[in-house]
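So this one's work.txt, compact mmCIF, C-alpha atoms (C1' of nucleotides):
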```txt
# COMPACT_ATOMS: atom_id res chain seq x y z
CA MET A 1 288.48 147.47 29.87
CA PHE A 2 289.37 144.66 27.57
CA SER A 3 290.30 145.38 23.97
CA SER A 4 288.16 144.05 21.18
CA THR A 5 291.19 142.12 20.01
CA SER A 6 291.15 140.20 23.29
CA GLU A 7 287.43 139.71 23.02
CA TYR A 8 287.79 138.23 19.55
CA ALA A 9 290.62 135.98 20.59
CA LEU A 10 288.58 134.63 23.49
CA ARG A 11 285.58 133.99 21.31
CA ALA A 12 287.73 132.13 18.82
CA VAL A 13 289.34 129.95 21.45
CA VAL A 14 286.00 129.21 23.06
CA HIS A 15 284.66 128.20 19.70
CA LEU A 16 287.59 125.90 19.07
CA ALA A 17 287.15 124.38 22.50
CA SER A 18 283.49 123.76 21.72
CA ASN A 19 284.38 121.97 18.48
CA PRO A 20 287.39 119.87 19.35
CA ASP A 21 286.90 117.20 16.72
CA LYS A 22 287.70 119.02 13.52
CA PRO A 23 289.85 121.96 12.45
CA CYS A 24 287.76 125.11 12.19
CA THR A 25 288.37 127.58 9.40
CA THR A 26 288.66 131.28 9.96
CA GLY A 27 285.40 131.82 8.11
CA GLU A 28 283.56 129.31 10.24
CA ILE A 29 284.74 130.84 13.48
CA ALA A 30 284.04 134.33 12.20
CA GLU A 31 280.48 133.54 11.34
CA ALA A 32 279.72 131.52 14.45
CA MET A 33 281.22 134.07 16.80
CA LYS A 34 280.32 137.22 14.90
CA VAL A 35 283.88 138.38 14.49
CA PRO A 36 285.08 140.33 11.43
CA ALA A 37 286.66 137.62 9.32
CA GLY A 38 289.58 139.59 7.98
CA TYR A 39 290.66 140.71 11.39
CA LEU A 40 290.14 137.33 12.93
CA SER A 41 292.86 135.81 10.80
CA LYS A 42 295.34 138.24 12.30
CA VAL A 43 294.19 137.39 15.78
CA LEU A 44 294.48 133.68 15.09
CA GLN A 45 298.00 134.20 13.84
CA SER A 46 298.89 135.81 17.15
CA LEU A 47 297.35 132.87 18.98
CA ALA A 48 299.34 130.49 16.80
CA ARG A 49 302.57 132.33 17.54
CA ALA A 50 301.80 132.12 21.23
CA GLY A 51 301.38 128.37 21.00
CA ILE A 52 297.71 128.33 21.87
CA VAL A 53 296.36 127.18 18.52
CA SER A 54 297.84 125.38 15.54
CA ALA A 55 297.11 126.13 11.91
CA GLN A 56 296.74 123.58 9.17
CA ARG A 57 296.65 124.82 5.60
CA GLY A 58 294.86 123.50 2.59
CA PRO A 59 291.52 121.80 2.19
CA THR A 60 290.24 120.27 5.45
CA GLY A 61 292.62 122.71 7.15
CA GLY A 62 291.82 125.23 9.82
CA PHE A 63 292.73 125.91 13.42
CA THR A 64 292.80 123.59 16.40
CA LEU A 65 293.72 124.07 20.04
CA ASP A 66 297.30 123.19 20.85
CA ARG A 67 296.41 121.80 24.26
CA HIS A 68 293.25 120.87 26.09
CA ALA A 69 290.87 123.65 27.03
CA ASP A 70 291.31 123.00 30.74
CA ARG A 71 294.98 123.83 30.35
CA ILE A 72 294.36 127.20 28.78
CA SER A 73 293.45 130.11 30.98
CA VAL A 74 291.53 133.16 29.92
CA LEU A 75 294.62 135.13 30.83
CA ASP A 76 296.77 133.04 28.47
CA VAL A 77 294.56 134.04 25.58
CA ILE A 78 294.49 137.71 26.48
CA ASN A 79 298.22 137.82 26.99
CA ALA A 80 298.76 136.24 23.59
CA VAL A 81 297.11 139.07 21.72
CA ASP A 82 297.08 142.05 24.03
CA PRO A 83 299.19 141.48 27.12
CA ILE A 84 298.02 142.86 30.44
CA GLU A 85 300.75 145.21 31.62
CA ARG A 86 301.55 145.49 35.27
CA ILE A 87 302.72 148.83 36.61
CA THR A 88 306.27 148.26 37.70
CA LYS A 89 307.52 151.79 37.80
CA CYS A 90 305.82 155.09 38.33
CA PRO A 91 304.83 156.64 35.00
CA ILE A 92 305.34 160.07 36.51
CA ASP A 93 308.94 160.66 35.69
CA LEU A 94 309.96 162.31 38.90
CA PRO A 95 313.04 161.50 40.98
CA GLU A 96 310.99 160.86 44.13
CA HIS A 97 309.03 158.15 42.40
CA ALA A 98 311.92 156.40 40.76
CA ALA A 99 312.58 153.79 43.41
CA ASN A 100 309.18 152.64 44.62
CA LEU A 101 305.71 153.03 43.30
CA CYS A 102 303.78 155.89 44.79
CA PRO A 103 300.62 154.84 46.66
CA LEU A 104 298.48 155.74 43.68
CA HIS A 105 300.20 153.50 41.22
CA ALA A 106 300.70 150.81 43.77
CA ARG A 107 296.93 150.71 44.18
CA LEU A 108 296.28 150.70 40.47
CA ASP A 109 298.72 147.86 40.09
CA GLU A 110 296.94 145.93 42.81
CA ALA A 111 293.76 146.21 40.80
CA ILE A 112 295.53 144.87 37.75
CA ALA A 113 296.92 142.04 39.84
CA LEU A 114 293.41 141.11 40.91
CA VAL A 115 292.37 140.83 37.30
CA GLN A 116 295.43 138.74 36.46
CA THR A 117 294.72 136.38 39.30
CA ALA A 118 291.06 136.02 38.48
CA LEU A 119 291.56 135.44 34.78
CA GLY A 120 294.64 133.32 35.27
CA ALA A 121 292.61 130.89 37.35
CA SER A 122 289.75 130.67 34.88
CA THR A 123 290.11 128.00 32.24
CA ILE A 124 288.66 128.05 28.78
CA ALA A 125 287.03 124.73 29.58
CA GLU A 126 284.97 126.47 32.23
CA MET A 127 283.79 128.97 29.65
CA ILE A 128 282.07 126.45 27.46
CA GLU A 129 278.46 126.63 28.23
CA LYS A 130 276.78 123.33 28.19
CA ARG A 131 273.79 125.05 26.59
CA ARG A 132 271.89 124.25 29.70
CA GLY A 133 271.44 126.47 32.67
CA MET A 134 274.45 128.72 32.07
CA THR A 135 276.44 127.64 35.09
CA THR A 136 277.55 131.03 36.20
CA ARG A 137 278.58 130.59 39.78
CA PRO A 138 279.19 133.76 41.75
CA VAL A 139 282.78 134.43 42.53
CA ALA A 140 285.26 136.24 44.74
CA PRO A 141 283.26 137.49 47.71
CA THR A 142 284.90 140.94 47.89
CA ILE A 143 288.21 142.20 49.05
CA GLY A 144 288.91 143.62 52.43
CA ARG A 145 287.84 147.22 52.01
CA ARG A 146 284.66 149.05 52.75
CA PRO A 147 283.27 151.32 50.09
CA ILE A 148 283.30 155.02 50.86
CA ARG A 149 280.46 157.36 50.25
CA PRO A 150 280.95 160.91 49.06
CA THR A 151 279.64 163.68 51.31
CA SER A 152 277.48 164.96 48.50
CA ALA A 153 275.89 162.45 46.22
CA ARG A 154 277.22 162.59 42.71
CA PRO A 155 275.13 165.19 40.85
CA ALA A 156 272.82 163.33 38.53
CA GLU A 157 273.27 165.94 35.85
CA ALA A 158 276.16 168.28 35.24
CA PRO A 159 275.96 171.46 37.34
CA LYS A 160 275.32 173.32 34.12
CA ARG A 161 276.94 176.55 35.15
CA GLY A 162 274.90 179.44 33.81
CA ARG A 163 275.91 181.20 30.67
CA LYS A 164 274.46 184.70 30.64
CA PRO A 165 274.95 186.65 27.43
CA ALA A 166 276.89 189.66 28.76
CA ARG A 167 276.26 190.88 32.24
CA MET B 1 294.45 148.70 31.32
CA PHE B 2 293.78 152.25 32.37
CA SER B 3 293.67 155.02 29.79
CA SER B 4 296.11 157.88 29.94
CA THR B 5 293.14 160.17 30.41
CA SER B 6 292.34 158.38 33.66
CA GLU B 7 295.96 158.51 34.66
CA TYR B 8 296.07 162.26 34.10
CA ALA B 9 292.85 162.83 35.98
CA LEU B 10 294.15 160.88 38.96
CA ARG B 11 297.41 162.78 38.99
CA ALA B 12 295.56 166.07 38.90
CA VAL B 13 293.24 165.13 41.74
CA VAL B 14 296.12 163.82 43.82
CA HIS B 15 297.93 167.08 43.25
CA LEU B 16 294.92 169.10 44.32
CA ALA B 17 294.55 166.95 47.38
CA SER B 18 298.17 167.57 48.23
CA ASN B 19 297.71 171.34 47.96
CA PRO B 20 294.37 172.00 49.57
CA ASP B 21 295.03 175.57 50.62
CA LYS B 22 295.03 177.41 47.34
CA PRO B 23 293.48 176.97 43.91
CA CYS B 24 295.95 175.34 41.51
CA THR B 25 296.15 176.49 37.93
CA THR B 26 296.19 174.10 35.02
CA GLY B 27 299.78 175.05 34.27
CA GLU B 28 300.88 174.40 37.82
CA ILE B 29 299.31 170.96 37.91
CA ALA B 30 300.64 170.15 34.46
CA GLU B 31 304.18 170.95 35.40
CA ALA B 32 304.11 169.29 38.79
CA MET B 33 302.50 166.11 37.53
CA LYS B 34 304.10 165.98 34.09
CA VAL B 35 300.83 166.06 32.23
CA PRO B 36 300.46 167.75 28.82
CA ALA B 37 299.00 171.13 29.73
CA GLY B 38 296.63 171.50 26.82
CA TYR B 39 295.06 168.13 27.38
CA LEU B 40 294.89 168.57 31.12
CA SER B 41 292.46 171.44 30.78
CA LYS B 42 290.03 169.13 29.01
CA VAL B 43 290.43 166.52 31.70
CA LEU B 44 289.84 169.08 34.42
CA GLN B 45 286.70 170.21 32.67
CA SER B 46 285.40 166.66 32.80
CA LEU B 47 286.22 166.48 36.48
CA ALA B 48 284.39 169.77 37.01
CA ARG B 49 281.31 168.51 35.20
CA ALA B 50 281.36 165.40 37.37
CA GLY B 51 281.38 167.53 40.49
CA ILE B 52 284.79 166.45 41.69
CA VAL B 53 286.60 169.74 41.26
CA SER B 54 285.52 173.36 41.00
CA ALA B 55 287.00 175.96 38.71
CA GLN B 56 287.58 179.57 39.56
CA ARG B 57 288.49 181.95 36.75
CA GLY B 58 290.62 185.01 36.73
CA PRO B 59 293.76 185.90 38.65
CA THR B 60 294.23 183.82 41.82
CA GLY B 61 291.87 181.36 40.14
CA GLY B 62 292.44 177.68 39.45
CA PHE B 63 290.98 174.37 40.50
CA THR B 64 290.08 173.07 43.92
CA LEU B 65 288.55 169.84 45.15
CA ASP B 66 284.81 169.96 45.61
CA ARG B 67 284.89 167.70 48.64
CA HIS B 68 287.55 166.35 50.95
CA ALA B 69 290.01 163.86 49.53
CA ASP B 70 288.85 161.11 51.85
CA ARG B 71 285.41 161.36 50.28
CA ILE B 72 286.69 160.87 46.75
CA SER B 73 287.50 157.39 45.56
CA VAL B 74 289.91 156.50 42.83
CA LEU B 75 286.94 155.01 41.03
CA ASP B 76 285.05 158.32 41.21
CA VAL B 77 287.85 160.01 39.33
CA ILE B 78 288.19 157.32 36.69
CA ASN B 79 284.44 157.20 36.13
CA ALA B 80 284.37 160.94 35.65
CA VAL B 81 286.66 160.88 32.65
CA ASP B 82 286.62 157.37 31.29
CA PRO B 83 283.91 155.27 32.92
CA ILE B 84 284.58 151.64 33.66
CA GLU B 85 281.94 149.71 31.76
CA ARG B 86 280.47 146.60 33.25
CA ILE B 87 279.42 143.84 30.88
CA THR B 88 275.67 143.64 31.26
CA LYS B 89 274.83 141.84 28.10
CA CYS B 90 276.74 139.49 25.89
CA PRO B 91 278.49 141.39 23.11
CA ILE B 92 278.06 138.37 20.87
CA ASP B 93 274.77 139.19 19.30
CA LEU B 94 273.28 135.73 19.30
CA PRO B 95 269.81 134.77 20.49
CA GLU B 96 271.13 132.21 22.96
CA HIS B 97 273.13 134.85 24.76
CA ALA B 98 270.44 137.47 24.88
CA ALA B 99 269.02 136.65 28.29
CA ASN B 100 271.98 135.82 30.49
CA LEU B 101 275.66 136.34 30.16
CA CYS B 102 277.55 133.37 28.85
CA PRO B 103 280.17 132.00 31.26
CA LEU B 104 282.92 133.78 29.39
CA HIS B 105 281.48 137.24 29.73
CA ALA B 106 280.22 136.54 33.19
CA ARG B 107 283.81 135.84 34.17
CA LEU B 108 285.15 138.91 32.45
CA ASP B 109 282.54 140.99 34.20
CA GLU B 110 283.57 139.51 37.53
CA ALA B 111 287.09 140.70 36.87
CA ILE B 112 285.80 144.17 36.14
CA ALA B 113 283.75 144.04 39.32
CA LEU B 114 286.88 143.26 41.30
CA VAL B 115 288.53 146.34 39.92
CA GLN B 116 285.50 148.46 40.68
CA THR B 117 285.41 147.23 44.25
CA ALA B 118 289.10 147.73 44.80
CA LEU B 119 289.23 151.21 43.34
CA GLY B 120 285.90 152.22 44.79
CA ALA B 121 287.23 151.53 48.27
CA SER B 122 290.45 153.45 47.78
CA THR B 123 290.31 157.12 48.63
CA ILE B 124 292.36 159.86 47.12
CA ALA B 125 293.42 160.77 50.62
CA GLU B 126 295.14 157.41 50.88
CA MET B 127 297.04 158.15 47.71
CA ILE B 128 298.86 161.14 49.08
CA GLU B 129 302.24 159.99 50.02
CA LYS B 130 303.56 161.54 53.14
CA ARG B 131 306.99 161.63 51.50
CA ARG B 132 308.14 159.19 54.07
CA GLY B 133 308.16 155.47 53.80
CA MET B 134 305.62 155.15 50.98
CA THR B 135 302.98 153.42 53.02
CA THR B 136 302.02 150.81 50.50
CA ARG B 137 300.31 148.17 52.53
CA PRO B 138 299.72 144.88 50.75
CA VAL B 139 296.14 144.25 49.83
CA ALA B 140 293.52 141.67 48.93
CA PRO B 141 295.10 138.29 49.71
CA THR B 142 293.84 136.53 46.56
CA ILE B 143 290.54 135.25 45.41
CA GLY B 144 289.35 131.73 45.82
CA ARG B 145 290.85 130.07 42.77
CA ARG B 146 294.01 128.16 42.20
CA PRO B 147 296.11 129.04 39.18
CA ILE B 148 296.32 126.45 36.45
CA ARG B 149 299.46 125.48 34.68
CA PRO B 150 299.55 124.65 30.99
CA THR B 151 300.76 121.18 29.99
CA SER B 152 303.49 122.73 27.91
CA ALA B 153 305.21 125.80 29.22
CA ARG B 154 304.55 128.88 27.17
CA PRO B 155 307.21 128.91 24.40
CA ALA B 156 309.72 131.58 25.25
CA GLU B 157 310.07 132.60 21.66
CA ALA B 158 307.62 132.25 18.81
CA PRO B 159 307.82 128.84 17.08
CA LYS B 160 309.19 130.67 14.07
CA ARG B 161 307.81 128.35 11.44
CA GLY B 162 310.35 127.95 8.65
CA ARG B 163 310.08 129.93 5.49
CA LYS B 164 311.97 128.20 2.72
CA PRO B 165 312.21 130.13 -0.57
CA ALA B 166 310.31 127.80 -2.93
CA ARG B 167 310.79 124.08 -2.52
C1' DC C 1 300.47 117.60 -11.94
C1' DG C 2 296.78 120.87 -11.37
C1' DA C 3 292.91 122.98 -9.25
C1' DA C 4 290.65 124.31 -5.24
C1' DT C 5 291.02 125.40 -0.33
C1' DA C 6 293.04 127.75 3.50
C1' DG C 7 296.40 130.27 6.12
C1' DT C 8 300.32 134.18 5.75
C1' DG C 9 301.97 138.68 5.61
C1' DG C 10 302.26 143.27 3.89
C1' DA C 11 299.95 147.52 2.48
C1' DT C 12 296.17 150.36 3.19
C1' DT C 13 292.07 152.44 5.22
C1' DT C 14 289.09 153.75 9.02
C1' DC C 15 288.13 155.11 13.51
C1' DT C 16 288.86 156.64 18.06
C1' DG C 17 291.65 158.39 21.82
C1' DT C 18 295.21 161.64 22.55
C1' DA C 19 296.99 166.20 22.13
C1' DT C 20 297.48 171.01 20.40
C1' DC C 21 295.96 175.58 19.12
C1' DT C 22 293.22 179.55 19.21
C1' DA C 23 289.56 182.69 19.93
C1' DC C 24 286.64 183.78 23.70
C1' DA C 25 284.31 184.46 28.30
C1' DA C 26 284.79 185.25 33.20
C1' DC C 27 287.07 187.10 37.01
C1' DT C 28 290.45 189.99 40.05
C1' DG C 29 292.87 193.94 41.45
C1' DT C 30 293.89 198.51 40.60
C1' DA D 1 286.51 200.83 33.56
C1' DC D 2 290.76 198.55 32.25
C1' DA D 3 294.33 195.23 31.86
C1' DG D 4 296.00 190.99 32.87
C1' DT D 5 295.11 186.29 34.28
C1' DT D 6 292.69 182.02 34.02
C1' DG D 7 289.27 178.71 32.59
C1' DT D 8 285.99 177.31 28.29
C1' DA D 9 284.96 175.47 24.00
C1' DG D 10 285.44 174.45 19.34
C1' DA D 11 288.36 173.12 15.45
C1' DT D 12 292.03 170.62 14.15
C1' DA D 13 296.08 167.55 13.97
C1' DC D 14 298.27 163.21 15.19
C1' DA D 15 298.89 158.23 16.58
C1' DG D 16 297.77 153.79 17.40
C1' DA D 17 294.19 150.28 17.32
C1' DA D 18 290.79 148.12 14.51
C1' DA D 19 289.56 146.40 10.22
C1' DT D 20 289.97 145.43 5.23
C1' DC D 21 292.27 144.00 0.96
C1' DC D 22 295.14 141.52 -1.89
C1' DA D 23 298.91 138.89 -3.64
C1' DC D 24 301.31 134.81 -2.10
C1' DT D 25 302.48 130.20 -0.08
C1' DA D 26 301.23 125.70 1.59
C1' DT D 27 298.34 121.64 1.48
C1' DT D 28 294.88 118.22 0.00
C1' DC D 29 292.67 115.51 -3.31
C1' DG D 30 291.47 113.87 -7.78
```
How does the structure come out when it is put into structure tokens?
Amino acid sequence: MFSSTSEYALRAVVHLASNPDKPCTTGEIAEAMKVPAGYLSKVLQSLARAGIVSAQRGPTGGFTLDRHADRISVLDVINAVDPIERITKCPIDLPEHAANLCPLHARLDEAIALVQTALGASTIAEMIEKRRGMTTRPVAPTIGRRPIRPTSARPAEAPKRGRKPAR
Amino acid sequence: MFSSTSEYALRAVVHLASNPDKPCTTGEIAEAMKVPAGYLSKVLQSLARAGIVSAQRGPTGGFTLDRHADRISVLDVINAVDPIERITKCPIDLPEHAANLCPLHARLDEAIALVQTALGASTIAEMIEKRRGMTTRPVAPTIGRRPIRPTSARPAEAPKRGRKPAR
DNA sequence: CGAATAGTGGATTTCTGTATCTACAACTGT
DNA sequence: ACAGTTGTAGATACAGAAATCCACTATTCG
């Protein structure tokens, strides 16, 4: 659902938010957050270009957050490295679908919008666990639709259609 | 956000739902829905193994839906070919995170849950456009969180840090 | 100034999802 | 039974993401 690039970027930003007093080096973040060090530097560069972190070279250098963690949303970080794409036009290249989205893609886009909204309203500051009680409050009751149930329950195992040798 | 495999599977199922009277061949679906024919056959096999469609070989053969379109959710189709994975344990392999999800991954999982709920409650039947008015009703008001706004607006273009030749 | 530290950017490799091809098995209608 | 049609399955090719490597530039500190 989320790319590992996004995952790494989030871990890095959370780490920086947890250590606001000193610049953190790529190696330090990599080790603390279990991210491949070589790749992390690329990810941090993307975050720097997006204005989320700042880099400082040389000894005592490293990365710091550009603004306070409560002003950075989870969505900001994800969009910096691996933007969430909304569906604005029907990927089926048919004349009928040119103008509006068909119901299918409209629905898929709604799902993406839900994710955008949820992650856009979640700040990095909220993601810092206080190492005490893991304050995971439940969220978003549900949306206004009842689940459907298939007539036949999903077969636990594949039907396994027989394969006789030859008649 | 959604893989092209999922996209293809959904198109195929929507096509079958739109033509419930006769089996549709792979080639027919491929052409109608602009899906690469060779790949579609693999996707249809996955759908068959998941019990969503049935295959019939030989002349007059093709694929048909296993159950009525209003008993198949969009989520069913996606899960058949490219399952949506919930985050059940923290991917950061640290002792502290072993037991519960950290706030970060708890939040990401909530976002995934929203998608599951939304797509699980949407039937394929609802995705068939009646070729009239594209009945896309708006959905899911929003969830209970206000968006945050960064102190500094996201820079429109990358900061473009200077690159002088050599002093 | 010079040495050590740290980020930068390009080339390269690996891996996985996407897509094609082909030989084969199953089915229908004659 | 035969011929033609259609799905099945395995091997293979391709592309983009993930990850690594290395030479280079910038910065700090003695």
Got a sec to pull out which chain C residues are within 10 Å of chain A, counting all atoms listed in the file, and send them as a ChimeraX atom specification?
/C:4-9,25
When the cut-off is 6 Å and we count all atoms listed in the file, which residues of chain D are near chain A, given as a ChimeraX atom specification?
/D:19,27-28
From the options A:His15, A:Arg71, A:His105, A:Lys89, which residue's atoms come nearest to chain B, counting only C-alpha atoms?
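Checking each of A:His15, A:Arg71, A:His105, A:Lys89 against chain B, counting only C-alpha atoms, the winner is A:Arg71.
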If we count only C-alpha atoms (C1' of nucleotides), what is near B:Ala125 at a cut-off of 10 Å, once residues fewer than 3 positions away on the same chain are taken out, given as a short mmCIF file (atom, residue, chain, number, x, y, z; two decimals) with C-alpha atoms, in the coordinates of the input?
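Everything below was put into around_14.cif:
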```cif
data_model
loop_
_atom_site.label_atom_id
_atom_site.label_comp_id
_atom_site.auth_asym_id
_atom_site.auth_seq_id
_atom_site.Cartn_x
_atom_site.Cartn_y
_atom_site.Cartn_z
CA LEU A 104 298.48 155.74 43.68
CA VAL B 13 293.24 165.13 41.74
CA VAL B 14 296.12 163.82 43.82
CA ALA B 17 294.55 166.95 47.38
CA SER B 18 298.17 167.57 48.23
CA HIS B 68 287.55 166.35 50.95
CA ALA B 69 290.01 163.86 49.53
CA ASP B 70 288.85 161.11 51.85
CA ARG B 71 285.41 161.36 50.28
CA ILE B 72 286.69 160.87 46.75
CA SER B 73 287.50 157.39 45.56
CA VAL B 74 289.91 156.50 42.83
CA SER B 122 290.45 153.45 47.78
CA ILE B 128 298.86 161.14 49.08
CA GLU B 129 302.24 159.99 50.02
#
```
Which of these, B:Arg86, B:Lys22, B:Arg11, B:Arg49, has the shortest distance to chain A once you count only C-alpha atoms?
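Smallest distance to chain A is found for B:Arg49.
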Got a sec: who's within 12 Å of D:DC2, counting all atoms listed in the file, leaving out chain neighbours fewer than 4 positions off, as a PDB file with C-alpha atoms (C1' of nucleotides), keeping the file's coordinate frame?
```
ATOM      1  C1'  DT C  28     290.450 189.990  40.050  1.00  0.00           C
ATOM      2  C1'  DG C  29     292.870 193.940  41.450  1.00  0.00           C
ATOM      3  C1'  DT C  30     293.890 198.510  40.600  1.00  0.00           C
TER       4       DT C  30
END
```
Contact residues around D:DC21 with only C-alpha atoms (C1' of nucleotides) at 10 Å, ignoring same-chain residues under 4 positions, as a list in words
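Final neighbour list, sorted by chain and number: Gly38 of chain A; DA11, DT12 and DT13 of chain C.
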Using Å and a single decimal, report how far atom CA of B:Ile52 sits from atom CA of B:Ala80.
8.2 Å
Could I get stretch 71-79 of chain A rebuilt with all heavy atoms, written as a JSON list (two decimals), in the coordinates of the input?
```json
[["chain", "number", "residue", "atom", "x", "y", "z"],
["A", 71, "ARG", "N", 293.59, 123.41, 30.11],
["A", 71, "ARG", "CA", 294.98, 123.83, 30.35],
["A", 71, "ARG", "C", 295.25, 125.20, 29.75],
["A", 71, "ARG", "O", 296.42, 125.61, 29.64],
["A", 71, "ARG", "CB", 295.94, 122.81, 29.72],
["A", 71, "ARG", "CG", 295.92, 121.45, 30.38],
["A", 71, "ARG", "CD", 296.54, 121.52, 31.75],
["A", 71, "ARG", "NE", 296.38, 120.26, 32.47],
["A", 71, "ARG", "CZ", 296.70, 120.13, 33.76],
["A", 71, "ARG", "NH1", 297.15, 121.17, 34.44],
["A", 71, "ARG", "NH2", 296.53, 118.98, 34.36],
["A", 72, "ILE", "N", 294.20, 125.85, 29.32],
["A", 72, "ILE", "CA", 294.36, 127.20, 28.78],
["A", 72, "ILE", "C", 293.55, 128.15, 29.64],
["A", 72, "ILE", "O", 292.36, 127.93, 29.85],
["A", 72, "ILE", "CB", 293.85, 127.29, 27.32],
["A", 72, "ILE", "CG1", 294.57, 126.27, 26.44],
["A", 72, "ILE", "CG2", 294.03, 128.70, 26.77],
["A", 72, "ILE", "CD1", 293.98, 126.18, 25.04],
["A", 73, "SER", "N", 294.20, 129.15, 30.17],
["A", 73, "SER", "CA", 293.45, 130.11, 30.98],
["A", 73, "SER", "C", 293.00, 131.28, 30.11],
["A", 73, "SER", "O", 293.56, 131.54, 29.05],
["A", 73, "SER", "CB", 294.31, 130.62, 32.14],
["A", 73, "SER", "OG", 295.30, 131.50, 31.65],
["A", 74, "VAL", "N", 292.01, 131.96, 30.60],
["A", 74, "VAL", "CA", 291.53, 133.16, 29.92],
["A", 74, "VAL", "C", 292.69, 134.16, 29.80],
["A", 74, "VAL", "O", 292.86, 134.82, 28.77],
["A", 74, "VAL", "CB", 290.36, 133.80, 30.70],
["A", 74, "VAL", "CG1", 289.96, 135.13, 30.09],
["A", 74, "VAL", "CG2", 289.16, 132.84, 30.71],
["A", 75, "LEU", "N", 293.48, 134.21, 30.85],
["A", 75, "LEU", "CA", 294.62, 135.13, 30.83],
["A", 75, "LEU", "C", 295.62, 134.77, 29.74],
["A", 75, "LEU", "O", 296.18, 135.65, 29.08],
["A", 75, "LEU", "CB", 295.31, 135.11, 32.20],
["A", 75, "LEU", "CG", 296.48, 136.08, 32.38],
["A", 75, "LEU", "CD1", 296.00, 137.53, 32.29],
["A", 75, "LEU", "CD2", 297.18, 135.84, 33.71],
["A", 76, "ASP", "N", 295.85, 133.47, 29.53],
["A", 76, "ASP", "CA", 296.77, 133.04, 28.47],
["A", 76, "ASP", "C", 296.35, 133.63, 27.14],
["A", 76, "ASP", "O", 297.18, 134.13, 26.38],
["A", 76, "ASP", "CB", 296.76, 131.51, 28.34],
["A", 76, "ASP", "CG", 297.43, 130.82, 29.52],
["A", 76, "ASP", "OD1", 298.26, 131.47, 30.19],
["A", 76, "ASP", "OD2", 297.11, 129.64, 29.79],
["A", 77, "VAL", "N", 295.07, 133.56, 26.87],
["A", 77, "VAL", "CA", 294.56, 134.04, 25.58],
["A", 77, "VAL", "C", 294.73, 135.55, 25.46],
["A", 77, "VAL", "O", 295.21, 136.06, 24.45],
["A", 77, "VAL", "CB", 293.08, 133.65, 25.41],
["A", 77, "VAL", "CG1", 292.52, 134.22, 24.12],
["A", 77, "VAL", "CG2", 292.93, 132.14, 25.44],
["A", 78, "ILE", "N", 294.36, 136.25, 26.50],
["A", 78, "ILE", "CA", 294.49, 137.71, 26.48],
["A", 78, "ILE", "C", 295.95, 138.12, 26.33],
["A", 78, "ILE", "O", 296.29, 138.98, 25.53],
["A", 78, "ILE", "CB", 293.88, 138.33, 27.75],
["A", 78, "ILE", "CG1", 292.36, 138.16, 27.72],
["A", 78, "ILE", "CG2", 294.25, 139.80, 27.88],
["A", 78, "ILE", "CD1", 291.65, 138.68, 28.96],
["A", 79, "ASN", "N", 296.81, 137.47, 27.07],
["A", 79, "ASN", "CA", 298.22, 137.82, 26.99],
["A", 79, "ASN", "C", 298.82, 137.53, 25.62],
["A", 79, "ASN", "O", 299.80, 138.16, 25.21],
["A", 79, "ASN", "CB", 299.02, 137.09, 28.06],
["A", 79, "ASN", "CG", 298.95, 137.80, 29.40],
["A", 79, "ASN", "OD1", 298.66, 139.00, 29.47],
["A", 79, "ASN", "ND2", 299.21, 137.07, 30.47]]
```
